[in-house]
Amino acid sequence: MPKPIRKINRDEKGAAAIEMALVFPVFLLFIFGIMEFTRAYWVLHTMELSIEEAARYAIVNTSAYDSAIVAKAQENLYGLDSSQFTITSVSQNVNGVTYKVITASYPFNFVVPNLLPFNGITLTRTVSAPLL
C-alpha cells in the first residue's frame, strides 16, 4: 500500500466528532423522553392527590354539594392551571351504600412536539368515597 493511504487509515482525527454525531441525537431523545414522562407522571400524581383530598372532604362533609367537592379538588391542583382540568363529582348508590365518585381528566400535551409517535394523551383518575 502506498504511504499516503496508510497514513489515512491510521489517522484518527475527527473520530470523536463522528461518534458524537451518531450518539448525541439518541442521547437527546432519551433525555427529553425522561423529562416528558416525568412531567406527565407529576401531573397525574397531582391530579390524583387533588381528587383524593376532595374525597376526604366529601367523607367528612357528607351533606356537601357536588360543586363544593369539585371546588375543593380544583383548589388542590398545586402548581397547575385548574381551568384545563375536567373534574366531576356524582353520587352513586351500591347495595345501600352511597358513594361519591370523583373523576378528573386532563389533556396532556408534550412540550417537545413530535418527539414520540403520539402527540397528546388524556390523563384520567377516578376515586370512589363511601359516605357513611
# chains A, B, ... in the order shown; residues from 1 in each chain; ligands from 1
>>> residues_around(residues="Ala54 (chain A)", least_positions_apart="3", cutoff="12 Å", atoms="only C-alpha atoms", output="PDB file with all heavy atoms, in the first residue's frame")
ATOM      1  N   MET A  47     -52.960  15.367  40.117  1.00  0.00           N
ATOM      2  CA  MET A  47     -54.391  15.224  39.866  1.00  0.00           C
ATOM      3  C   MET A  47     -54.998  14.181  40.816  1.00  0.00           C
ATOM      4  O   MET A  47     -56.072  14.398  41.379  1.00  0.00           O
ATOM      5  CB  MET A  47     -54.592  14.813  38.406  1.00  0.00           C
ATOM      6  CG  MET A  47     -56.013  14.706  37.969  1.00  0.00           C
ATOM      7  SD  MET A  47     -56.171  14.456  36.187  1.00  0.00           S
ATOM      8  CE  MET A  47     -55.278  12.960  35.923  1.00  0.00           C
ATOM      9  N   GLU A  48     -54.307  13.076  41.022  1.00  0.00           N
ATOM     10  CA  GLU A  48     -54.803  12.043  41.925  1.00  0.00           C
ATOM     11  C   GLU A  48     -54.849  12.540  43.372  1.00  0.00           C
ATOM     12  O   GLU A  48     -55.812  12.291  44.092  1.00  0.00           O
ATOM     13  CB  GLU A  48     -53.919  10.802  41.816  1.00  0.00           C
ATOM     14  CG  GLU A  48     -54.468   9.621  42.563  1.00  0.00           C
ATOM     15  CD  GLU A  48     -53.731   8.342  42.217  1.00  0.00           C
ATOM     16  OE1 GLU A  48     -52.851   8.350  41.343  1.00  0.00           O
ATOM     17  OE2 GLU A  48     -54.046   7.334  42.850  1.00  0.00           O
ATOM     18  N   LEU A  49     -53.827  13.260  43.797  1.00  0.00           N
ATOM     19  CA  LEU A  49     -53.810  13.837  45.135  1.00  0.00           C
ATOM     20  C   LEU A  49     -54.986  14.801  45.321  1.00  0.00           C
ATOM     21  O   LEU A  49     -55.648  14.806  46.362  1.00  0.00           O
ATOM     22  CB  LEU A  49     -52.491  14.574  45.385  1.00  0.00           C
ATOM     23  CG  LEU A  49     -52.401  15.350  46.689  1.00  0.00           C
ATOM     24  CD1 LEU A  49     -52.321  14.381  47.867  1.00  0.00           C
ATOM     25  CD2 LEU A  49     -51.210  16.278  46.675  1.00  0.00           C
ATOM     26  N   SER A  50     -55.272  15.581  44.309  1.00  0.00           N
ATOM     27  CA  SER A  50     -56.347  16.564  44.371  1.00  0.00           C
ATOM     28  C   SER A  50     -57.711  15.899  44.570  1.00  0.00           C
ATOM     29  O   SER A  50     -58.496  16.320  45.420  1.00  0.00           O
ATOM     30  CB  SER A  50     -56.347  17.392  43.089  1.00  0.00           C
ATOM     31  OG  SER A  50     -57.503  18.166  43.007  1.00  0.00           O
ATOM     32  N   ILE A  51     -57.996  14.862  43.794  1.00  0.00           N
ATOM     33  CA  ILE A  51     -59.316  14.240  43.933  1.00  0.00           C
ATOM     34  C   ILE A  51     -59.399  13.379  45.194  1.00  0.00           C
ATOM     35  O   ILE A  51     -60.481  13.198  45.746  1.00  0.00           O
ATOM     36  CB  ILE A  51     -59.730  13.456  42.670  1.00  0.00           C
ATOM     37  CG1 ILE A  51     -58.765  12.324  42.365  1.00  0.00           C
ATOM     38  CG2 ILE A  51     -59.880  14.388  41.489  1.00  0.00           C
ATOM     39  CD1 ILE A  51     -59.217  11.441  41.215  1.00  0.00           C
ATOM     40  N   TYR A  57     -62.757  15.307  51.852  1.00  0.00           N
ATOM     41  CA  TYR A  57     -63.685  16.394  52.179  1.00  0.00           C
ATOM     42  C   TYR A  57     -65.131  15.895  52.103  1.00  0.00           C
ATOM     43  O   TYR A  57     -65.956  16.230  52.954  1.00  0.00           O
ATOM     44  CB  TYR A  57     -63.457  17.558  51.220  1.00  0.00           C
ATOM     45  CG  TYR A  57     -64.420  18.703  51.387  1.00  0.00           C
ATOM     46  CD1 TYR A  57     -64.270  19.609  52.424  1.00  0.00           C
ATOM     47  CD2 TYR A  57     -65.482  18.869  50.505  1.00  0.00           C
ATOM     48  CE1 TYR A  57     -65.165  20.665  52.579  1.00  0.00           C
ATOM     49  CE2 TYR A  57     -66.377  19.908  50.647  1.00  0.00           C
ATOM     50  CZ  TYR A  57     -66.213  20.813  51.691  1.00  0.00           C
ATOM     51  OH  TYR A  57     -67.101  21.834  51.845  1.00  0.00           O
ATOM     52  N   ALA A  58     -65.436  15.088  51.094  1.00  0.00           N
ATOM     53  CA  ALA A  58     -66.801  14.556  50.943  1.00  0.00           C
ATOM     54  C   ALA A  58     -67.149  13.590  52.067  1.00  0.00           C
ATOM     55  O   ALA A  58     -68.301  13.547  52.520  1.00  0.00           O
ATOM     56  CB  ALA A  58     -66.934  13.860  49.596  1.00  0.00           C
ATOM     57  N   ILE A  59     -66.179  12.823  52.536  1.00  0.00           N
ATOM     58  CA  ILE A  59     -66.433  11.883  53.632  1.00  0.00           C
ATOM     59  C   ILE A  59     -66.718  12.639  54.929  1.00  0.00           C
ATOM     60  O   ILE A  59     -67.631  12.294  55.672  1.00  0.00           O
ATOM     61  CB  ILE A  59     -65.234  10.921  53.809  1.00  0.00           C
ATOM     62  CG1 ILE A  59     -65.162   9.961  52.627  1.00  0.00           C
ATOM     63  CG2 ILE A  59     -65.335  10.146  55.110  1.00  0.00           C
ATOM     64  CD1 ILE A  59     -63.905   9.122  52.588  1.00  0.00           C
ATOM     65  N   VAL A  60     -65.953  13.695  55.184  1.00  0.00           N
ATOM     66  CA  VAL A  60     -66.133  14.468  56.416  1.00  0.00           C
ATOM     67  C   VAL A  60     -67.410  15.310  56.344  1.00  0.00           C
ATOM     68  O   VAL A  60     -68.143  15.422  57.315  1.00  0.00           O
ATOM     69  CB  VAL A  60     -64.902  15.370  56.678  1.00  0.00           C
ATOM     70  CG1 VAL A  60     -65.145  16.334  57.821  1.00  0.00           C
ATOM     71  CG2 VAL A  60     -63.687  14.510  56.955  1.00  0.00           C
ATOM     72  N   ASN A  61     -67.688  15.905  55.185  1.00  0.00           N
ATOM     73  CA  ASN A  61     -68.873  16.745  54.984  1.00  0.00           C
ATOM     74  C   ASN A  61     -69.855  15.996  54.087  1.00  0.00           C
ATOM     75  O   ASN A  61     -69.950  16.253  52.896  1.00  0.00           O
ATOM     76  CB  ASN A  61     -68.484  18.078  54.341  1.00  0.00           C
ATOM     77  CG  ASN A  61     -67.483  18.823  55.181  1.00  0.00           C
ATOM     78  OD1 ASN A  61     -67.727  19.079  56.339  1.00  0.00           O
ATOM     79  ND2 ASN A  61     -66.342  19.149  54.597  1.00  0.00           N
ATOM     80  N   THR A  62     -70.591  15.074  54.658  1.00  0.00           N
ATOM     81  CA  THR A  62     -71.478  14.207  53.861  1.00  0.00           C
ATOM     82  C   THR A  62     -72.609  14.971  53.187  1.00  0.00           C
ATOM     83  O   THR A  62     -73.169  14.488  52.211  1.00  0.00           O
ATOM     84  CB  THR A  62     -72.079  13.093  54.748  1.00  0.00           C
ATOM     85  OG1 THR A  62     -72.739  13.698  55.863  1.00  0.00           O
ATOM     86  CG2 THR A  62     -70.986  12.156  55.224  1.00  0.00           C
ATOM     87  N   ALA A  64     -72.197  17.879  51.706  1.00  0.00           N
ATOM     88  CA  ALA A  64     -71.611  18.853  50.774  1.00  0.00           C
ATOM     89  C   ALA A  64     -72.154  18.629  49.365  1.00  0.00           C
ATOM     90  O   ALA A  64     -72.374  17.495  48.936  1.00  0.00           O
ATOM     91  CB  ALA A  64     -70.091  18.723  50.769  1.00  0.00           C
ATOM     92  N   TYR A  65     -72.389  19.727  48.676  1.00  0.00           N
ATOM     93  CA  TYR A  65     -72.849  19.645  47.294  1.00  0.00           C
ATOM     94  C   TYR A  65     -71.699  19.242  46.378  1.00  0.00           C
ATOM     95  O   TYR A  65     -70.520  19.412  46.704  1.00  0.00           O
ATOM     96  CB  TYR A  65     -73.409  20.999  46.841  1.00  0.00           C
ATOM     97  CG  TYR A  65     -74.693  21.385  47.535  1.00  0.00           C
ATOM     98  CD1 TYR A  65     -74.710  22.427  48.459  1.00  0.00           C
ATOM     99  CD2 TYR A  65     -75.877  20.709  47.277  1.00  0.00           C
ATOM    100  CE1 TYR A  65     -75.883  22.787  49.114  1.00  0.00           C
ATOM    101  CE2 TYR A  65     -77.054  21.050  47.926  1.00  0.00           C
ATOM    102  CZ  TYR A  65     -77.051  22.090  48.835  1.00  0.00           C
ATOM    103  OH  TYR A  65     -78.204  22.430  49.466  1.00  0.00           O
ATOM    104  N   ASP A  66     -72.071  18.731  45.216  1.00  0.00           N
ATOM    105  CA  ASP A  66     -71.060  18.318  44.240  1.00  0.00           C
ATOM    106  C   ASP A  66     -70.185  19.492  43.808  1.00  0.00           C
ATOM    107  O   ASP A  66     -68.985  19.327  43.593  1.00  0.00           O
ATOM    108  CB  ASP A  66     -71.720  17.682  43.009  1.00  0.00           C
ATOM    109  CG  ASP A  66     -72.307  16.318  43.328  1.00  0.00           C
ATOM    110  OD1 ASP A  66     -71.806  15.659  44.259  1.00  0.00           O
ATOM    111  OD2 ASP A  66     -73.255  15.900  42.631  1.00  0.00           O
ATOM    112  N   SER A  67     -70.776  20.676  43.707  1.00  0.00           N
ATOM    113  CA  SER A  67     -69.988  21.846  43.301  1.00  0.00           C
ATOM    114  C   SER A  67     -68.922  22.187  44.339  1.00  0.00           C
ATOM    115  O   SER A  67     -67.814  22.612  43.991  1.00  0.00           O
ATOM    116  CB  SER A  67     -70.902  23.044  43.064  1.00  0.00           C
ATOM    117  OG  SER A  67     -71.619  23.355  44.247  1.00  0.00           O
ATOM    118  N   ALA A  68     -69.219  21.995  45.625  1.00  0.00           N
ATOM    119  CA  ALA A  68     -68.227  22.254  46.672  1.00  0.00           C
ATOM    120  C   ALA A  68     -67.100  21.227  46.619  1.00  0.00           C
ATOM    121  O   ALA A  68     -65.930  21.554  46.847  1.00  0.00           O
ATOM    122  CB  ALA A  68     -68.893  22.227  48.045  1.00  0.00           C
ATOM    123  N   ILE A  69     -67.437  19.991  46.300  1.00  0.00           N
ATOM    124  CA  ILE A  69     -66.424  18.939  46.188  1.00  0.00           C
ATOM    125  C   ILE A  69     -65.513  19.205  44.999  1.00  0.00           C
ATOM    126  O   ILE A  69     -64.291  19.065  45.090  1.00  0.00           O
ATOM    127  CB  ILE A  69     -67.102  17.556  46.098  1.00  0.00           C
ATOM    128  CG1 ILE A  69     -67.850  17.268  47.411  1.00  0.00           C
ATOM    129  CG2 ILE A  69     -66.090  16.465  45.786  1.00  0.00           C
ATOM    130  CD1 ILE A  69     -68.742  16.061  47.354  1.00  0.00           C
ATOM    131  N   VAL A  70     -66.101  19.619  43.880  1.00  0.00           N
ATOM    132  CA  VAL A  70     -65.302  19.950  42.690  1.00  0.00           C
ATOM    133  C   VAL A  70     -64.402  21.147  42.982  1.00  0.00           C
ATOM    134  O   VAL A  70     -63.223  21.167  42.597  1.00  0.00           O
ATOM    135  CB  VAL A  70     -66.217  20.215  41.476  1.00  0.00           C
ATOM    136  CG1 VAL A  70     -65.441  20.816  40.319  1.00  0.00           C
ATOM    137  CG2 VAL A  70     -66.892  18.913  41.042  1.00  0.00           C
ATOM    138  N   ALA A  71     -64.930  22.150  43.681  1.00  0.00           N
ATOM    139  CA  ALA A  71     -64.109  23.322  44.035  1.00  0.00           C
ATOM    140  C   ALA A  71     -62.953  22.928  44.943  1.00  0.00           C
ATOM    141  O   ALA A  71     -61.841  23.449  44.809  1.00  0.00           O
ATOM    142  CB  ALA A  71     -64.978  24.378  44.711  1.00  0.00           C
ATOM    143  N   LYS A  72     -63.194  21.995  45.867  1.00  0.00           N
ATOM    144  CA  LYS A  72     -62.126  21.516  46.743  1.00  0.00           C
ATOM    145  C   LYS A  72     -61.044  20.812  45.932  1.00  0.00           C
ATOM    146  O   LYS A  72     -59.850  20.992  46.183  1.00  0.00           O
ATOM    147  CB  LYS A  72     -62.712  20.568  47.798  1.00  0.00           C
ATOM    148  CG  LYS A  72     -61.761  20.203  48.875  1.00  0.00           C
ATOM    149  CD  LYS A  72     -61.474  21.407  49.733  1.00  0.00           C
ATOM    150  CE  LYS A  72     -60.725  21.003  50.974  1.00  0.00           C
ATOM    151  NZ  LYS A  72     -60.315  22.167  51.751  1.00  0.00           N
ATOM    152  N   ALA A  73     -61.449  20.029  44.948  1.00  0.00           N
ATOM    153  CA  ALA A  73     -60.475  19.344  44.088  1.00  0.00           C
ATOM    154  C   ALA A  73     -59.678  20.353  43.264  1.00  0.00           C
ATOM    155  O   ALA A  73     -58.458  20.214  43.118  1.00  0.00           O
ATOM    156  CB  ALA A  73     -61.189  18.346  43.172  1.00  0.00           C
ATOM    157  N   GLN A  74     -60.335  21.375  42.760  1.00  0.00           N
ATOM    158  CA  GLN A  74     -59.643  22.371  41.935  1.00  0.00           C
ATOM    159  C   GLN A  74     -58.652  23.198  42.750  1.00  0.00           C
ATOM    160  O   GLN A  74     -57.610  23.584  42.242  1.00  0.00           O
ATOM    161  CB  GLN A  74     -60.651  23.284  41.244  1.00  0.00           C
ATOM    162  CG  GLN A  74     -61.373  22.599  40.111  1.00  0.00           C
ATOM    163  CD  GLN A  74     -62.442  23.473  39.488  1.00  0.00           C
ATOM    164  OE1 GLN A  74     -62.944  24.397  40.119  1.00  0.00           O
ATOM    165  NE2 GLN A  74     -62.796  23.161  38.252  1.00  0.00           N
ATOM    166  N   GLU A  75     -58.968  23.459  44.003  1.00  0.00           N
ATOM    167  CA  GLU A  75     -58.042  24.256  44.810  1.00  0.00           C
ATOM    168  C   GLU A  75     -56.807  23.450  45.217  1.00  0.00           C
ATOM    169  O   GLU A  75     -55.806  24.021  45.616  1.00  0.00           O
ATOM    170  CB  GLU A  75     -58.748  24.851  46.026  1.00  0.00           C
ATOM    171  CG  GLU A  75     -58.841  23.954  47.225  1.00  0.00           C
ATOM    172  CD  GLU A  75     -59.542  24.626  48.399  1.00  0.00           C
ATOM    173  OE1 GLU A  75     -60.449  25.435  48.200  1.00  0.00           O
ATOM    174  OE2 GLU A  75     -59.154  24.312  49.538  1.00  0.00           O
ATOM    175  N   ASN A  76     -56.864  22.137  45.123  1.00  0.00           N
ATOM    176  CA  ASN A  76     -55.726  21.298  45.479  1.00  0.00           C
ATOM    177  C   ASN A  76     -54.849  20.917  44.287  1.00  0.00           C
ATOM    178  O   ASN A  76     -53.966  20.084  44.427  1.00  0.00           O
ATOM    179  CB  ASN A  76     -56.206  20.020  46.173  1.00  0.00           C
ATOM    180  CG  ASN A  76     -56.699  20.302  47.573  1.00  0.00           C
ATOM    181  OD1 ASN A  76     -56.113  21.108  48.276  1.00  0.00           O
ATOM    182  ND2 ASN A  76     -57.773  19.660  47.965  1.00  0.00           N
ATOM    183  N   LEU A  77     -55.071  21.501  43.136  1.00  0.00           N
ATOM    184  CA  LEU A  77     -54.215  21.248  41.969  1.00  0.00           C
ATOM    185  C   LEU A  77     -53.009  22.175  42.048  1.00  0.00           C
ATOM    186  O   LEU A  77     -52.908  23.177  41.350  1.00  0.00           O
ATOM    187  CB  LEU A  77     -54.995  21.481  40.665  1.00  0.00           C
ATOM    188  CG  LEU A  77     -56.032  20.432  40.338  1.00  0.00           C
ATOM    189  CD1 LEU A  77     -56.917  20.895  39.201  1.00  0.00           C
ATOM    190  CD2 LEU A  77     -55.366  19.112  40.001  1.00  0.00           C
ATOM    191  N   ILE A  87     -63.260  18.116  36.114  1.00  0.00           N
ATOM    192  CA  ILE A  87     -63.484  17.396  37.364  1.00  0.00           C
ATOM    193  C   ILE A  87     -64.983  17.271  37.578  1.00  0.00           C
ATOM    194  O   ILE A  87     -65.714  18.254  37.490  1.00  0.00           O
ATOM    195  CB  ILE A  87     -62.827  18.126  38.551  1.00  0.00           C
ATOM    196  CG1 ILE A  87     -61.324  18.263  38.314  1.00  0.00           C
ATOM    197  CG2 ILE A  87     -63.095  17.384  39.856  1.00  0.00           C
ATOM    198  CD1 ILE A  87     -60.604  19.099  39.338  1.00  0.00           C
ATOM    199  N   THR A  88     -65.421  16.050  37.845  1.00  0.00           N
ATOM    200  CA  THR A  88     -66.846  15.795  38.095  1.00  0.00           C
ATOM    201  C   THR A  88     -67.001  15.048  39.408  1.00  0.00           C
ATOM    202  O   THR A  88     -66.114  14.305  39.825  1.00  0.00           O
ATOM    203  CB  THR A  88     -67.487  14.962  36.965  1.00  0.00           C
ATOM    204  OG1 THR A  88     -66.811  13.708  36.869  1.00  0.00           O
ATOM    205  CG2 THR A  88     -67.426  15.687  35.638  1.00  0.00           C
ATOM    206  N   SER A  89     -68.144  15.260  40.032  1.00  0.00           N
ATOM    207  CA  SER A  89     -68.485  14.559  41.260  1.00  0.00           C
ATOM    208  C   SER A  89     -69.938  14.126  41.152  1.00  0.00           C
ATOM    209  O   SER A  89     -70.821  14.962  40.915  1.00  0.00           O
ATOM    210  CB  SER A  89     -68.286  15.479  42.470  1.00  0.00           C
ATOM    211  OG  SER A  89     -68.770  14.861  43.639  1.00  0.00           O
ATOM    212  N   LYS A 100     -69.486   8.796  46.701  1.00  0.00           N
ATOM    213  CA  LYS A 100     -69.173   9.957  45.852  1.00  0.00           C
ATOM    214  C   LYS A 100     -68.073   9.499  44.907  1.00  0.00           C
ATOM    215  O   LYS A 100     -66.999   9.083  45.337  1.00  0.00           O
ATOM    216  CB  LYS A 100     -68.667  11.150  46.677  1.00  0.00           C
ATOM    217  CG  LYS A 100     -69.742  11.959  47.313  1.00  0.00           C
ATOM    218  CD  LYS A 100     -70.569  12.671  46.276  1.00  0.00           C
ATOM    219  CE  LYS A 100     -71.610  13.512  46.984  1.00  0.00           C
ATOM    220  NZ  LYS A 100     -72.476  14.190  46.063  1.00  0.00           N
ATOM    221  N   VAL A 101     -68.358   9.573  43.629  1.00  0.00           N
ATOM    222  CA  VAL A 101     -67.379   9.191  42.618  1.00  0.00           C
ATOM    223  C   VAL A 101     -66.847  10.477  42.001  1.00  0.00           C
ATOM    224  O   VAL A 101     -67.586  11.228  41.365  1.00  0.00           O
ATOM    225  CB  VAL A 101     -68.014   8.283  41.544  1.00  0.00           C
ATOM    226  CG1 VAL A 101     -66.977   7.914  40.499  1.00  0.00           C
ATOM    227  CG2 VAL A 101     -68.604   7.045  42.189  1.00  0.00           C
ATOM    228  N   ILE A 102     -65.573  10.724  42.210  1.00  0.00           N
ATOM    229  CA  ILE A 102     -64.931  11.955  41.737  1.00  0.00           C
ATOM    230  C   ILE A 102     -63.956  11.569  40.633  1.00  0.00           C
ATOM    231  O   ILE A 102     -63.087  10.713  40.831  1.00  0.00           O
ATOM    232  CB  ILE A 102     -64.201  12.675  42.885  1.00  0.00           C
ATOM    233  CG1 ILE A 102     -65.180  12.913  44.046  1.00  0.00           C
ATOM    234  CG2 ILE A 102     -63.592  13.972  42.399  1.00  0.00           C
ATOM    235  CD1 ILE A 102     -64.521  13.267  45.340  1.00  0.00           C
ATOM    236  N   THR A 103     -64.125  12.200  39.481  1.00  0.00           N
ATOM    237  CA  THR A 103     -63.294  11.894  38.317  1.00  0.00           C
ATOM    238  C   THR A 103     -62.631  13.169  37.824  1.00  0.00           C
ATOM    239  O   THR A 103     -63.261  14.221  37.754  1.00  0.00           O
ATOM    240  CB  THR A 103     -64.155  11.299  37.177  1.00  0.00           C
ATOM    241  OG1 THR A 103     -64.838  10.155  37.677  1.00  0.00           O
ATOM    242  CG2 THR A 103     -63.299  10.896  35.994  1.00  0.00           C
ATOM    243  N   ALA A 104     -61.361  13.050  37.478  1.00  0.00           N
ATOM    244  CA  ALA A 104     -60.615  14.178  36.915  1.00  0.00           C
ATOM    245  C   ALA A 104     -59.938  13.717  35.632  1.00  0.00           C
ATOM    246  O   ALA A 104     -59.446  12.594  35.548  1.00  0.00           O
ATOM    247  CB  ALA A 104     -59.573  14.683  37.903  1.00  0.00           C
ATOM    248  N   THR A 126     -59.916   8.373  38.842  1.00  0.00           N
ATOM    249  CA  THR A 126     -61.223   8.295  39.498  1.00  0.00           C
ATOM    250  C   THR A 126     -61.040   7.798  40.923  1.00  0.00           C
ATOM    251  O   THR A 126     -60.252   6.886  41.171  1.00  0.00           O
ATOM    252  CB  THR A 126     -62.165   7.344  38.738  1.00  0.00           C
ATOM    253  OG1 THR A 126     -62.313   7.820  37.409  1.00  0.00           O
ATOM    254  CG2 THR A 126     -63.515   7.252  39.388  1.00  0.00           C
ATOM    255  N   VAL A 127     -61.786   8.419  41.847  1.00  0.00           N
ATOM    256  CA  VAL A 127     -61.790   7.999  43.249  1.00  0.00           C
ATOM    257  C   VAL A 127     -63.237   7.812  43.669  1.00  0.00           C
ATOM    258  O   VAL A 127     -64.109   8.603  43.311  1.00  0.00           O
ATOM    259  CB  VAL A 127     -61.114   9.065  44.144  1.00  0.00           C
ATOM    260  CG1 VAL A 127     -61.318   8.758  45.611  1.00  0.00           C
ATOM    261  CG2 VAL A 127     -59.646   9.155  43.839  1.00  0.00           C
ATOM    262  N   SER A 128     -63.482   6.755  44.418  1.00  0.00           N
ATOM    263  CA  SER A 128     -64.818   6.488  44.937  1.00  0.00           C
ATOM    264  C   SER A 128     -64.740   6.485  46.459  1.00  0.00           C
ATOM    265  O   SER A 128     -63.993   5.708  47.055  1.00  0.00           O
ATOM    266  CB  SER A 128     -65.289   5.116  44.427  1.00  0.00           C
ATOM    267  OG  SER A 128     -66.578   4.848  44.878  1.00  0.00           O
ATOM    268  N   ALA A 129     -65.539   7.360  47.107  1.00  0.00           N
ATOM    269  CA  ALA A 129     -65.502   7.512  48.551  1.00  0.00           C
ATOM    270  C   ALA A 129     -66.863   7.156  49.145  1.00  0.00           C
ATOM    271  O   ALA A 129     -67.885   7.725  48.754  1.00  0.00           O
ATOM    272  CB  ALA A 129     -65.138   8.935  48.917  1.00  0.00           C
TER     273      ALA A 129
END
>>> residues_around(residues="Pro113 (chain A)", least_positions_apart="6", cutoff="12 Å", atoms="only C-alpha atoms", output="PDB file with C-alpha atoms, in the first residue's frame")
ATOM      1  CA  LEU A  29     -34.103  11.687  22.632  1.00  0.00           C
ATOM      2  CA  PHE A  32     -36.215  14.555  26.552  1.00  0.00           C
ATOM      3  CA  GLY A  33     -38.246  11.351  26.839  1.00  0.00           C
ATOM      4  CA  GLU A  36     -41.642  14.412  29.280  1.00  0.00           C
ATOM      5  CA  ASN A 119     -48.788  13.876  20.285  1.00  0.00           C
ATOM      6  CA  GLY A 120     -51.155  14.170  23.218  1.00  0.00           C
TER       7      GLY A 120
END
>>> select_by_dssp(residues="chain A", states="helix (DSSP H, G or I)", output="MDAnalysis selection string")
chainID A and resid 3:10 15:60 66:75 82:84
>>> residues_around(residues="Val97 (chain A)", least_positions_apart="5", cutoff="9 Å", atoms="only C-alpha atoms", output="number ranges by chain")
A: 92, 130-132
>>> atom_distance(atom1="CA of Val111 (chain A)", atom2="CA of Ile34 (chain A)")
12.1 Å
>>> closest_residue(among="A:Phe108, A:Tyr78, A:Tyr99, A:Phe85", to="Ile121 (chain A)", atoms="only C-alpha atoms")
A:Phe108
>>> decode(residues="region 35-41 of chain A", atoms="all heavy atoms", output="CSV table (one decimal), in the first residue's frame")
chain,number,residue,atom,x,y,z
A,35,MET,N,-37.7,13.5,30.6
A,35,MET,CA,-38.3,14.7,31.1
A,35,MET,C,-39.8,14.8,30.8
A,35,MET,O,-40.6,15.1,31.7
A,35,MET,CB,-37.6,15.9,30.5
A,35,MET,CG,-36.2,16.1,31.0
A,35,MET,SD,-35.2,17.4,30.1
A,35,MET,CE,-36.4,18.7,29.7
A,36,GLU,N,-40.2,14.4,29.6
A,36,GLU,CA,-41.6,14.4,29.3
A,36,GLU,C,-42.5,13.4,30.1
A,36,GLU,O,-43.5,13.8,30.6
A,36,GLU,CB,-41.8,14.1,27.8
A,36,GLU,CG,-41.3,15.2,26.9
A,36,GLU,CD,-42.2,16.4,26.8
A,36,GLU,OE1,-43.1,16.6,27.7
A,36,GLU,OE2,-42.0,17.2,25.9
A,37,PHE,N,-42.0,12.2,30.3
A,37,PHE,CA,-42.7,11.2,31.1
A,37,PHE,C,-42.7,11.6,32.6
A,37,PHE,O,-43.7,11.3,33.3
A,37,PHE,CB,-42.3,9.8,30.8
A,37,PHE,CG,-42.9,9.3,29.5
A,37,PHE,CD1,-42.1,9.2,28.4
A,37,PHE,CD2,-44.2,8.9,29.5
A,37,PHE,CE1,-42.6,8.8,27.2
A,37,PHE,CE2,-44.7,8.4,28.3
A,37,PHE,CZ,-44.0,8.4,27.1
A,38,THR,N,-41.6,12.2,33.0
A,38,THR,CA,-41.6,12.6,34.4
A,38,THR,C,-42.6,13.7,34.6
A,38,THR,O,-43.3,13.7,35.7
A,38,THR,CB,-40.2,13.2,34.8
A,38,THR,OG1,-39.3,12.1,34.6
A,38,THR,CG2,-40.1,13.6,36.2
A,39,ARG,N,-42.8,14.6,33.7
A,39,ARG,CA,-43.8,15.7,33.8
A,39,ARG,C,-45.2,15.1,33.8
A,39,ARG,O,-46.1,15.5,34.5
A,39,ARG,CB,-43.6,16.7,32.7
A,39,ARG,CG,-44.3,18.0,32.9
A,39,ARG,CD,-43.9,19.0,31.8
A,39,ARG,NE,-44.3,18.7,30.5
A,39,ARG,CZ,-45.5,19.0,30.0
A,39,ARG,NH1,-46.4,19.6,30.7
A,39,ARG,NH2,-45.8,18.6,28.8
A,40,ALA,N,-45.4,14.2,32.9
A,40,ALA,CA,-46.7,13.5,32.8
A,40,ALA,C,-47.1,12.8,34.1
A,40,ALA,O,-48.2,12.9,34.6
A,40,ALA,CB,-46.8,12.5,31.6
A,41,TYR,N,-46.1,12.1,34.7
A,41,TYR,CA,-46.3,11.4,35.9
A,41,TYR,C,-46.6,12.4,37.1
A,41,TYR,O,-47.4,12.2,37.9
A,41,TYR,CB,-45.1,10.5,36.3
A,41,TYR,CG,-45.4,9.7,37.5
A,41,TYR,CD1,-46.2,8.6,37.5
A,41,TYR,CD2,-44.8,10.0,38.7
A,41,TYR,CE1,-46.5,7.8,38.6
A,41,TYR,CE2,-45.0,9.3,39.8
A,41,TYR,CZ,-45.8,8.2,39.8
A,41,TYR,OH,-46.1,7.4,40.9
